[in-house]
Amino acid sequence: MAEIMTEEKEKRSFKDIIAAAFTKESFAKGVFTAFAAFSILAVFAIIFYILYDSIPAFREIGFFNFIFGDIWNPKAGEYGILPMILTTLLLTVLSVVIGSVFAIFTAVFIVYYCPKCIKKVYTQMVNLLAGIPSIIYAYFGFEMIKPIIEDMSGRTFGYGILLSMIILSIMILPTIASITKNSLESVPAQYYEGSLALGNTKNQTVFKVMLPAAKNGILAAIILGIGRAVGETMAVQFLLGGAVSYPTDFIIPISSLTSKIAQEFGESGGLHRQALIAVGFILLVFILIINLALWFVKRNNAVAGNSFFTRKIKESDIEHTAPNYKRTGTIQDALRIICYVVAVIVAAALMSIVLYTLIKGLPEVTWHNMFGKSFNSKPTLAPAFVSTSVIILISLAIALPLGIGAAIYLNEYSRRGSKFVSTIRLFIDTLAGVPSILFGLFGYIFFVKLFGSANLLAGSFTIVLMILPTVIRSTEQSLSEVPDSMREASYALGAGKLRTVFVVVLPQALPGIITAIILSIGRIVGESAALIYTAGSSFLMPNSLVSPGSTFAVFMYNLQAEGLDTKFLAYAAGAILIIFVLFLNILIMLLENYFNNKAANRKGKIRTYIDKLRKREAKNEEN
Amino acid sequence: MKKIENFNITGDVAISVKEMNLHYGTFHALKSIYMDFPVNQLTAMIGPSGCGKSTLIKSLNRMNDLIEGCKITGEIKVGDTNIYDKKTDLARLRKNVGMVFQRPNPLAMSVYDNIAYGPRTFGIRSKSDLDGIVEKSLRGAAMWNEVKDRLNKSALGLSGGQQQRLCIARSLAVEPQILLMDEPTSALDPISTGKIEELCTELKKNMTIIMVTHNMQQAFRIADKTAYFLLGEMIEMDDTKVIFSHPKNKKTDDYINGRFG
């Protein structure tokens, strides 16, 4: 067989090979491959440009002085970031520990203890918590939690690690909880039965069998949570306080890597700006390390249950005496109660954030505040409507074809287990893990310099990179659920690959694509860190694609940062954002239900279709 | 901590089922069942799919509680205790009435931890006790020599037949008085099946075994008593030899001789 193949290959002339390379099919394959490889390009571009722009700072300041210096004073030319690194690490560790404990209990509650009637609502609630923009968390922490800390500690300012930690752990909770929930749900049901049949109570089964069996998924979830905590910018910038010192106290103004960049980038120049980009590079290194760790955890999905502690067991001849069997499980019963408590706390946290935003904001949502003409001295939200919509439209117009193309390559064209594909996946995961402030830095270095100014187009291009992984994953997931029999049916009728993909497979993947669009819109609407320095900040109506424009979230940021007495507008923007996010969540839920029902009905529909055909035939016969 | 007592089984009957009816929602799955399972014998339940034999075996240690809409009336007594009494202690019931499932279901733990999981549930912590139990149970399931060098390896890495014997060993570890087996060999190859049959013959010397099987030859080979089920009714129960040579009921005869099912 192999010999015949090689002979045929030799017979093909050079001209044939060129002709074959330019058929529609192979051209399409080339395009899809290029789209898929785009993620690799994007990650390298981000690493390269941020590194390239921080080299002057490393050279000027000296790499070790920069990393290990303890004073950050740009005016005096001192740039040491060790205090910020330590703050970032401490803050991350604390919030991930608290966040994951709460998240794991929340997930256990949802999967095993939640009453059926509220299960759906509660799950959606946790999803909603994930969708709330970080700028709203920032406002909530600033206006609700900070005063409480000030009251309780008796200090003038409640800024610091304690405040940030509280908000940050709420922010990473939904990420960890939803992945933990998924891995708990994929633990085989036989484990549950098997454990119960040995006389365990439900609580013992849940905490001693099901939870340990899901440990790989939980580990991956926690690492993702670490990534989010390290990269979170807007909330911590509001809540840390901005001074630079070692984290010697939980309630002192302090800075992390991300908060420093967001705080000073706008007013910086020269070496100061290069130093901030260098801070971004250090952050990027952290993120890449975390991503690699995640990759290893996912790849080393070794069979669960291998015990690390090996103890030799002696073969014994000792006569076995009947042991005294006792009732146990009080610890697990207590854990179950903790589950309920945690679930109530999480629900209360969400309710208070949503209610706070709506109570503050809804009274300010007036016709004039929304649609009146906006001036620098007396802004309204009208420009935010336009800017937000423009950025959503442009970035989706680019990211959708790019992402869908990449997903098609990954699912339809790639060979199973090929090195190239696993590399692409690694880079897509990496891109998904890059914090938005770094997209902002890259967008500033690349697109803003390209256009000469921060504008809507530069902002949209930056956003494309950010939402691309979401689009690819969601589409790919849907594509992989299309049964192979459909493809076979199409090929069997003589259709080519391209026709099969576009006419048969892609329409079936519509739910995934729509979900991707909604998720992307959610991210864009809530995004601030990536847009502030790329789309610019302006209270004026943008008059072209190359004029600066602020989305709602950026609006909220500017109003707080500039300390204007127009904060009421920020509340209005917050209320609009929350309502919009709520709307998107409900939309996703409805769509899921719709598509699930449709899938369930599909068989039935085919049957009715066949019935119709039969009736028609019968009629024809009568005639 | 309260001690867990054995069931008080005196006389020849380990489990007796009286006037038992079972409904899944509106479906009447078991109709007025009367049965006595003899002590230290192997009772096989045969019958076509959907006849209710698996449902019955799951009722004997109340695994049916997991199924929504499952309602049971009547009486099932283990020894002199009615297990559907409101005060029934499920942990005590399931410790003493062990169960082996159709598909092997080792937990995602090491071989050792799988066996030790049951005893640990009932408060046995001492390492030497656990070591003893693990060894005894694995020997009891005739697989100590196969796995003694890989006790710390994941149980999920064992072959299907080994996994099933591990599950039997796991049940033995809490010293049950009665062992329920729900088609324990239907997912296994003939050689593993043979080993498990051998094991059952060994185990029934000091233990009551109740087994559901689809395989009539298997029932013929190892069962002391055989019960035939059809459409939720227990048609006939007698010594295996009698059932397979001179069944009293014509329906049983049809099934045994392949005229039905």
# chains A, B, ... in the order shown; residues from 1 in each chain; ligands from 1
call {"tool": "residues_around", "arguments": {"residues": "A:Phe35", "least_positions_apart": "2", "cutoff": "6 Å", "atoms": "only C-alpha atoms", "output": "MDAnalysis selection string"}}
result
chainID A and resid 32:33 37:38 402 405:406
call {"tool": "residues_around", "arguments": {"residues": "stretch 40-54 of chain A", "least_positions_apart": "4", "cutoff": "8 Å", "atoms": "only C-alpha atoms", "output": "number ranges by chain"}}
result
A: 58, 274-275, 277-278, 280-281, 284, 424, 427-428, 430-431, 439, 441-442, 445-446, 465
call {"tool": "write_last_selection", "arguments": {"atoms": "N, CA and C atoms", "output": "mmCIF file, in the first residue's frame"}}
result
data_model
loop_
_atom_site.group_PDB
_atom_site.id
_atom_site.type_symbol
_atom_site.label_atom_id
_atom_site.label_comp_id
_atom_site.auth_asym_id
_atom_site.auth_seq_id
_atom_site.Cartn_x
_atom_site.Cartn_y
_atom_site.Cartn_z
ATOM 1 N N PHE A 58 14.624 48.366 31.884
ATOM 2 C CA PHE A 58 15.537 47.434 32.550
ATOM 3 C C PHE A 58 16.972 47.930 32.423
ATOM 4 N N GLN A 274 8.046 53.731 30.628
ATOM 5 C CA GLN A 274 8.752 52.474 30.303
ATOM 6 C C GLN A 274 8.823 51.565 31.522
ATOM 7 N N ALA A 275 9.012 52.181 32.698
ATOM 8 C CA ALA A 275 9.083 51.376 33.916
ATOM 9 C C ALA A 275 7.736 50.693 34.172
ATOM 10 N N ILE A 277 5.578 49.835 31.895
ATOM 11 C CA ILE A 277 5.468 48.723 30.951
ATOM 12 C C ILE A 277 6.297 47.539 31.437
ATOM 13 N N ALA A 278 7.446 47.853 32.036
ATOM 14 C CA ALA A 278 8.282 46.782 32.595
ATOM 15 C C ALA A 278 7.546 46.062 33.733
ATOM 16 N N GLY A 280 4.439 45.697 33.774
ATOM 17 C CA GLY A 280 3.540 44.842 33.003
ATOM 18 C C GLY A 280 4.237 43.571 32.563
ATOM 19 N N PHE A 281 5.504 43.691 32.174
ATOM 20 C CA PHE A 281 6.226 42.509 31.725
ATOM 21 C C PHE A 281 6.402 41.511 32.868
ATOM 22 N N LEU A 284 3.300 39.775 33.285
ATOM 23 C CA LEU A 284 3.124 38.804 32.207
ATOM 24 C C LEU A 284 3.882 37.517 32.520
ATOM 25 N N ILE A 424 -1.461 25.049 19.554
ATOM 26 C CA ILE A 424 -2.462 26.101 19.375
ATOM 27 C C ILE A 424 -3.348 26.203 20.606
ATOM 28 N N PHE A 427 -1.723 27.978 23.379
ATOM 29 C CA PHE A 427 -1.663 29.441 23.190
ATOM 30 C C PHE A 427 -3.042 30.075 23.349
ATOM 31 N N ILE A 428 -4.073 29.378 22.936
ATOM 32 C CA ILE A 428 -5.417 29.928 23.151
ATOM 33 C C ILE A 428 -5.691 30.046 24.647
ATOM 34 N N THR A 430 -3.453 30.343 26.940
ATOM 35 C CA THR A 430 -2.615 31.423 27.454
ATOM 36 C C THR A 430 -3.276 32.766 27.189
ATOM 37 N N LEU A 431 -3.754 32.939 25.965
ATOM 38 C CA LEU A 431 -4.389 34.204 25.600
ATOM 39 C C LEU A 431 -5.594 34.467 26.507
ATOM 40 N N PHE A 439 -3.560 43.394 28.012
ATOM 41 C CA PHE A 439 -4.105 43.690 26.681
ATOM 42 C C PHE A 439 -4.087 45.197 26.469
ATOM 43 N N LEU A 441 -2.005 47.379 27.807
ATOM 44 C CA LEU A 441 -0.630 47.823 27.540
ATOM 45 C C LEU A 441 -0.227 47.503 26.112
ATOM 46 N N PHE A 442 -0.538 46.266 25.694
ATOM 47 C CA PHE A 442 -0.174 45.864 24.337
ATOM 48 C C PHE A 442 -0.905 46.732 23.319
ATOM 49 N N ILE A 445 0.812 49.994 23.162
ATOM 50 C CA ILE A 445 2.113 49.961 22.482
ATOM 51 C C ILE A 445 1.948 49.743 20.978
ATOM 52 N N PHE A 446 1.008 48.882 20.597
ATOM 53 C CA PHE A 446 0.906 48.476 19.193
ATOM 54 C C PHE A 446 -0.113 49.313 18.421
ATOM 55 N N LEU A 465 -8.481 40.652 20.532
ATOM 56 C CA LEU A 465 -7.560 39.678 21.108
ATOM 57 C C LEU A 465 -8.147 39.086 22.385
#
call {"tool": "closest_residue", "arguments": {"among": "A:Phe140, A:Tyr356, A:Phe568, A:Phe595", "to": "A:Pro511", "atoms": "only C-alpha atoms"}}
result
A:Phe595
call {"tool": "select_by_dssp", "arguments": {"residues": "stretch 109-251 of chain B", "states": "strand (DSSP E or B)", "output": "PyMOL selection string"}}
result
chain B and resi 110+154+178-182+208-212+225-230+233-239
call {"tool": "write_last_selection", "arguments": {"atoms": "C-alpha atoms", "output": "mmCIF file, in the first residue's frame"}}
result
data_model
loop_
_atom_site.group_PDB
_atom_site.id
_atom_site.type_symbol
_atom_site.label_atom_id
_atom_site.label_comp_id
_atom_site.auth_asym_id
_atom_site.auth_seq_id
_atom_site.Cartn_x
_atom_site.Cartn_y
_atom_site.Cartn_z
ATOM 1 C CA SER B 110 -5.845 3.332 45.782
ATOM 2 C CA SER B 154 -5.164 3.408 41.755
ATOM 3 C CA ILE B 178 -25.720 -10.855 53.654
ATOM 4 C CA LEU B 179 -24.234 -10.036 50.253
ATOM 5 C CA LEU B 180 -26.405 -8.814 47.393
ATOM 6 C CA MET B 181 -25.031 -9.185 43.872
ATOM 7 C CA ASP B 182 -26.786 -7.474 40.989
ATOM 8 C CA THR B 208 -26.028 -15.481 52.732
ATOM 9 C CA ILE B 209 -25.737 -14.498 49.076
ATOM 10 C CA ILE B 210 -28.544 -13.210 46.892
ATOM 11 C CA MET B 211 -27.744 -12.813 43.226
ATOM 12 C CA VAL B 212 -29.548 -11.469 40.199
ATOM 13 C CA LYS B 225 -32.290 -21.844 45.324
ATOM 14 C CA THR B 226 -33.613 -20.157 42.235
ATOM 15 C CA ALA B 227 -36.534 -17.780 41.862
ATOM 16 C CA TYR B 228 -38.147 -16.942 38.541
ATOM 17 C CA PHE B 229 -39.624 -13.500 37.977
ATOM 18 C CA LEU B 230 -41.941 -12.317 35.225
ATOM 19 C CA GLU B 233 -44.364 -11.149 39.857
ATOM 20 C CA MET B 234 -42.427 -13.901 41.525
ATOM 21 C CA ILE B 235 -43.623 -16.933 39.589
ATOM 22 C CA GLU B 236 -41.810 -19.723 41.319
ATOM 23 C CA MET B 237 -39.046 -20.309 43.838
ATOM 24 C CA ASP B 238 -37.556 -23.671 44.677
ATOM 25 C CA ASP B 239 -34.344 -25.656 44.866
#
call {"tool": "interface_residues", "arguments": {"of": "chain B", "to": "chain A", "cutoff": "8 Å", "atoms": "only C-alpha atoms", "output": "ChimeraX atom specification"}}
result
/B:1-5,61,63,90-95,98-99,101,105-110,118-119,121-124,131-133,135-136,152-157,171,174
call {"tool": "residues_around", "arguments": {"residues": "stretch 198-203 of chain B", "least_positions_apart": "6", "cutoff": "8 Å", "atoms": "only C-alpha atoms", "output": "PyMOL selection string"}}
result
chain B and resi 140-142+209+222
call {"tool": "closest_residue", "arguments": {"among": "A:Pro147, A:Pro435, A:Pro83, A:Gly549", "to": "A:Ile67", "atoms": "only C-alpha atoms"}}
result
A:Pro83
call {"tool": "atom_distance", "arguments": {"atom1": "atom CA of A:Gly158", "atom2": "atom CA of A:Phe250"}}
result
9.4 Å
call {"tool": "decode", "arguments": {"residues": "stretch 9-132 of chain B", "atoms": "C-alpha atoms", "output": "PDB file, in the first residue's frame"}}
result
ATOM      1  CA  ILE B   9     -30.611 -13.707  62.430  1.00  0.00           C
ATOM      2  CA  THR B  10     -31.749 -16.917  64.079  1.00  0.00           C
ATOM      3  CA  GLY B  11     -33.337 -19.820  62.289  1.00  0.00           C
ATOM      4  CA  ASP B  12     -33.063 -20.604  58.607  1.00  0.00           C
ATOM      5  CA  VAL B  13     -34.321 -17.382  57.058  1.00  0.00           C
ATOM      6  CA  ALA B  14     -31.983 -14.439  56.521  1.00  0.00           C
ATOM      7  CA  ILE B  15     -34.382 -12.117  54.766  1.00  0.00           C
ATOM      8  CA  SER B  16     -38.111 -12.540  54.494  1.00  0.00           C
ATOM      9  CA  VAL B  17     -40.250 -10.496  52.160  1.00  0.00           C
ATOM     10  CA  LYS B  18     -44.005 -10.317  52.788  1.00  0.00           C
ATOM     11  CA  GLU B  19     -46.815  -8.783  50.752  1.00  0.00           C
ATOM     12  CA  MET B  20     -44.355  -6.373  49.153  1.00  0.00           C
ATOM     13  CA  ASN B  21     -45.483  -3.976  46.445  1.00  0.00           C
ATOM     14  CA  LEU B  22     -43.299  -1.426  44.706  1.00  0.00           C
ATOM     15  CA  HIS B  23     -44.325   1.480  42.483  1.00  0.00           C
ATOM     16  CA  TYR B  24     -42.173   3.764  40.372  1.00  0.00           C
ATOM     17  CA  GLY B  25     -44.533   6.687  40.095  1.00  0.00           C
ATOM     18  CA  THR B  26     -47.601   5.097  38.525  1.00  0.00           C
ATOM     19  CA  PHE B  27     -45.777   1.980  37.287  1.00  0.00           C
ATOM     20  CA  HIS B  28     -46.428  -1.071  39.429  1.00  0.00           C
ATOM     21  CA  ALA B  29     -42.983  -2.714  39.290  1.00  0.00           C
ATOM     22  CA  LEU B  30     -43.303  -5.445  41.911  1.00  0.00           C
ATOM     23  CA  LYS B  31     -46.587  -7.118  42.687  1.00  0.00           C
ATOM     24  CA  SER B  32     -47.288  -8.760  46.017  1.00  0.00           C
ATOM     25  CA  ILE B  33     -43.984 -10.537  46.552  1.00  0.00           C
ATOM     26  CA  TYR B  34     -43.596 -13.246  49.215  1.00  0.00           C
ATOM     27  CA  MET B  35     -40.083 -14.708  49.542  1.00  0.00           C
ATOM     28  CA  ASP B  36     -37.788 -16.237  52.143  1.00  0.00           C
ATOM     29  CA  PHE B  37     -34.041 -16.160  51.511  1.00  0.00           C
ATOM     30  CA  PRO B  38     -32.330 -19.042  53.358  1.00  0.00           C
ATOM     31  CA  VAL B  39     -29.284 -18.484  55.575  1.00  0.00           C
ATOM     32  CA  ASN B  40     -25.823 -19.321  54.197  1.00  0.00           C
ATOM     33  CA  GLN B  41     -27.133 -20.330  50.813  1.00  0.00           C
ATOM     34  CA  LEU B  42     -26.941 -18.722  47.420  1.00  0.00           C
ATOM     35  CA  THR B  43     -30.283 -17.682  46.012  1.00  0.00           C
ATOM     36  CA  ALA B  44     -30.406 -16.721  42.357  1.00  0.00           C
ATOM     37  CA  MET B  45     -33.125 -14.571  40.809  1.00  0.00           C
ATOM     38  CA  ILE B  46     -33.698 -15.051  37.100  1.00  0.00           C
ATOM     39  CA  GLY B  47     -36.126 -13.679  34.580  1.00  0.00           C
ATOM     40  CA  PRO B  48     -36.314 -11.552  31.440  1.00  0.00           C
ATOM     41  CA  SER B  49     -35.270  -7.884  31.471  1.00  0.00           C
ATOM     42  CA  GLY B  50     -37.686  -5.591  33.222  1.00  0.00           C
ATOM     43  CA  CYS B  51     -39.213  -8.337  35.349  1.00  0.00           C
ATOM     44  CA  GLY B  52     -38.311  -6.568  38.594  1.00  0.00           C
ATOM     45  CA  LYS B  53     -35.522  -8.784  39.901  1.00  0.00           C
ATOM     46  CA  SER B  54     -32.972  -5.932  40.056  1.00  0.00           C
ATOM     47  CA  THR B  55     -35.595  -3.722  41.650  1.00  0.00           C
ATOM     48  CA  LEU B  56     -36.197  -6.331  44.331  1.00  0.00           C
ATOM     49  CA  ILE B  57     -32.526  -6.831  45.133  1.00  0.00           C
ATOM     50  CA  LYS B  58     -32.068  -3.068  45.454  1.00  0.00           C
ATOM     51  CA  SER B  59     -34.962  -2.927  47.894  1.00  0.00           C
ATOM     52  CA  LEU B  60     -33.192  -5.358  50.214  1.00  0.00           C
ATOM     53  CA  ASN B  61     -30.656  -2.747  51.324  1.00  0.00           C
ATOM     54  CA  ARG B  62     -32.807   0.239  50.410  1.00  0.00           C
ATOM     55  CA  MET B  63     -30.676   1.455  47.500  1.00  0.00           C
ATOM     56  CA  ASN B  64     -34.040   2.192  45.882  1.00  0.00           C
ATOM     57  CA  ASP B  65     -34.304   5.180  48.206  1.00  0.00           C
ATOM     58  CA  LEU B  66     -32.093   7.000  45.686  1.00  0.00           C
ATOM     59  CA  ILE B  67     -34.712   6.694  42.977  1.00  0.00           C
ATOM     60  CA  GLU B  68     -37.299   9.389  42.890  1.00  0.00           C
ATOM     61  CA  GLY B  69     -40.937   8.379  43.021  1.00  0.00           C
ATOM     62  CA  CYS B  70     -40.176   4.890  44.302  1.00  0.00           C
ATOM     63  CA  LYS B  71     -42.805   3.734  46.809  1.00  0.00           C
ATOM     64  CA  ILE B  72     -42.711   0.489  48.747  1.00  0.00           C
ATOM     65  CA  THR B  73     -45.432  -1.102  50.821  1.00  0.00           C
ATOM     66  CA  GLY B  74     -45.348  -4.379  52.723  1.00  0.00           C
ATOM     67  CA  GLU B  75     -42.646  -5.809  54.889  1.00  0.00           C
ATOM     68  CA  ILE B  76     -39.009  -6.798  54.393  1.00  0.00           C
ATOM     69  CA  LYS B  77     -37.365  -8.314  57.440  1.00  0.00           C
ATOM     70  CA  VAL B  78     -33.647  -8.907  57.877  1.00  0.00           C
ATOM     71  CA  GLY B  79     -33.551 -11.323  60.789  1.00  0.00           C
ATOM     72  CA  ASP B  80     -36.234  -9.934  63.020  1.00  0.00           C
ATOM     73  CA  THR B  81     -35.905  -6.285  61.938  1.00  0.00           C
ATOM     74  CA  ASN B  82     -38.257  -4.655  59.472  1.00  0.00           C
ATOM     75  CA  ILE B  83     -35.924  -2.536  57.349  1.00  0.00           C
ATOM     76  CA  TYR B  84     -38.698  -0.275  56.088  1.00  0.00           C
ATOM     77  CA  ASP B  85     -39.482   0.767  59.620  1.00  0.00           C
ATOM     78  CA  LYS B  86     -39.217   4.540  60.108  1.00  0.00           C
ATOM     79  CA  LYS B  87     -36.485   4.143  62.709  1.00  0.00           C
ATOM     80  CA  THR B  88     -34.288   2.006  60.457  1.00  0.00           C
ATOM     81  CA  ASP B  89     -30.618   2.880  60.634  1.00  0.00           C
ATOM     82  CA  LEU B  90     -29.428   2.909  57.012  1.00  0.00           C
ATOM     83  CA  ALA B  91     -25.754   2.737  57.939  1.00  0.00           C
ATOM     84  CA  ARG B  92     -26.365  -0.398  59.996  1.00  0.00           C
ATOM     85  CA  LEU B  93     -28.485  -1.930  57.240  1.00  0.00           C
ATOM     86  CA  ARG B  94     -25.975  -1.319  54.471  1.00  0.00           C
ATOM     87  CA  LYS B  95     -23.013  -2.387  56.555  1.00  0.00           C
ATOM     88  CA  ASN B  96     -24.666  -5.748  57.202  1.00  0.00           C
ATOM     89  CA  VAL B  97     -26.324  -6.151  53.813  1.00  0.00           C
ATOM     90  CA  GLY B  98     -23.506  -5.464  51.371  1.00  0.00           C
ATOM     91  CA  MET B  99     -23.970  -4.945  47.658  1.00  0.00           C
ATOM     92  CA  VAL B 100     -21.972  -5.647  44.508  1.00  0.00           C
ATOM     93  CA  PHE B 101     -23.131  -3.828  41.396  1.00  0.00           C
ATOM     94  CA  GLN B 102     -23.539  -4.801  37.776  1.00  0.00           C
ATOM     95  CA  ARG B 103     -20.639  -2.632  36.648  1.00  0.00           C
ATOM     96  CA  PRO B 104     -17.555  -2.679  38.841  1.00  0.00           C
ATOM     97  CA  ASN B 105     -17.494   0.641  40.693  1.00  0.00           C
ATOM     98  CA  PRO B 106     -14.188   1.051  42.492  1.00  0.00           C
ATOM     99  CA  LEU B 107     -13.773   4.514  43.997  1.00  0.00           C
ATOM    100  CA  ALA B 108     -11.095   6.861  42.661  1.00  0.00           C
ATOM    101  CA  MET B 109      -8.665   5.811  45.374  1.00  0.00           C
ATOM    102  CA  SER B 110      -5.845   3.332  45.782  1.00  0.00           C
ATOM    103  CA  VAL B 111      -6.626  -0.368  46.125  1.00  0.00           C
ATOM    104  CA  TYR B 112      -5.846  -0.176  49.828  1.00  0.00           C
ATOM    105  CA  ASP B 113      -8.030   2.877  50.416  1.00  0.00           C
ATOM    106  CA  ASN B 114     -10.890   1.278  48.528  1.00  0.00           C
ATOM    107  CA  ILE B 115     -10.930  -1.654  50.923  1.00  0.00           C
ATOM    108  CA  ALA B 116     -10.241   0.487  53.980  1.00  0.00           C
ATOM    109  CA  TYR B 117     -12.956   2.958  53.019  1.00  0.00           C
ATOM    110  CA  GLY B 118     -15.787   0.946  54.581  1.00  0.00           C
ATOM    111  CA  PRO B 119     -14.055   0.132  57.871  1.00  0.00           C
ATOM    112  CA  ARG B 120     -12.902   3.752  58.169  1.00  0.00           C
ATOM    113  CA  THR B 121     -16.514   4.821  57.740  1.00  0.00           C
ATOM    114  CA  PHE B 122     -17.285   2.834  60.840  1.00  0.00           C
ATOM    115  CA  GLY B 123     -14.584   4.368  62.955  1.00  0.00           C
ATOM    116  CA  ILE B 124     -11.697   1.951  62.527  1.00  0.00           C
ATOM    117  CA  ARG B 125      -8.547   4.050  62.420  1.00  0.00           C
ATOM    118  CA  SER B 126      -5.690   1.935  63.692  1.00  0.00           C
ATOM    119  CA  LYS B 127      -3.239   1.081  60.917  1.00  0.00           C
ATOM    120  CA  SER B 128      -2.585  -2.449  62.065  1.00  0.00           C
ATOM    121  CA  ASP B 129      -6.333  -3.188  62.249  1.00  0.00           C
ATOM    122  CA  LEU B 130      -6.849  -1.759  58.762  1.00  0.00           C
ATOM    123  CA  ASP B 131      -3.877  -3.676  57.364  1.00  0.00           C
ATOM    124  CA  GLY B 132      -5.360  -6.844  58.767  1.00  0.00           C
TER     125      GLY B 132
END
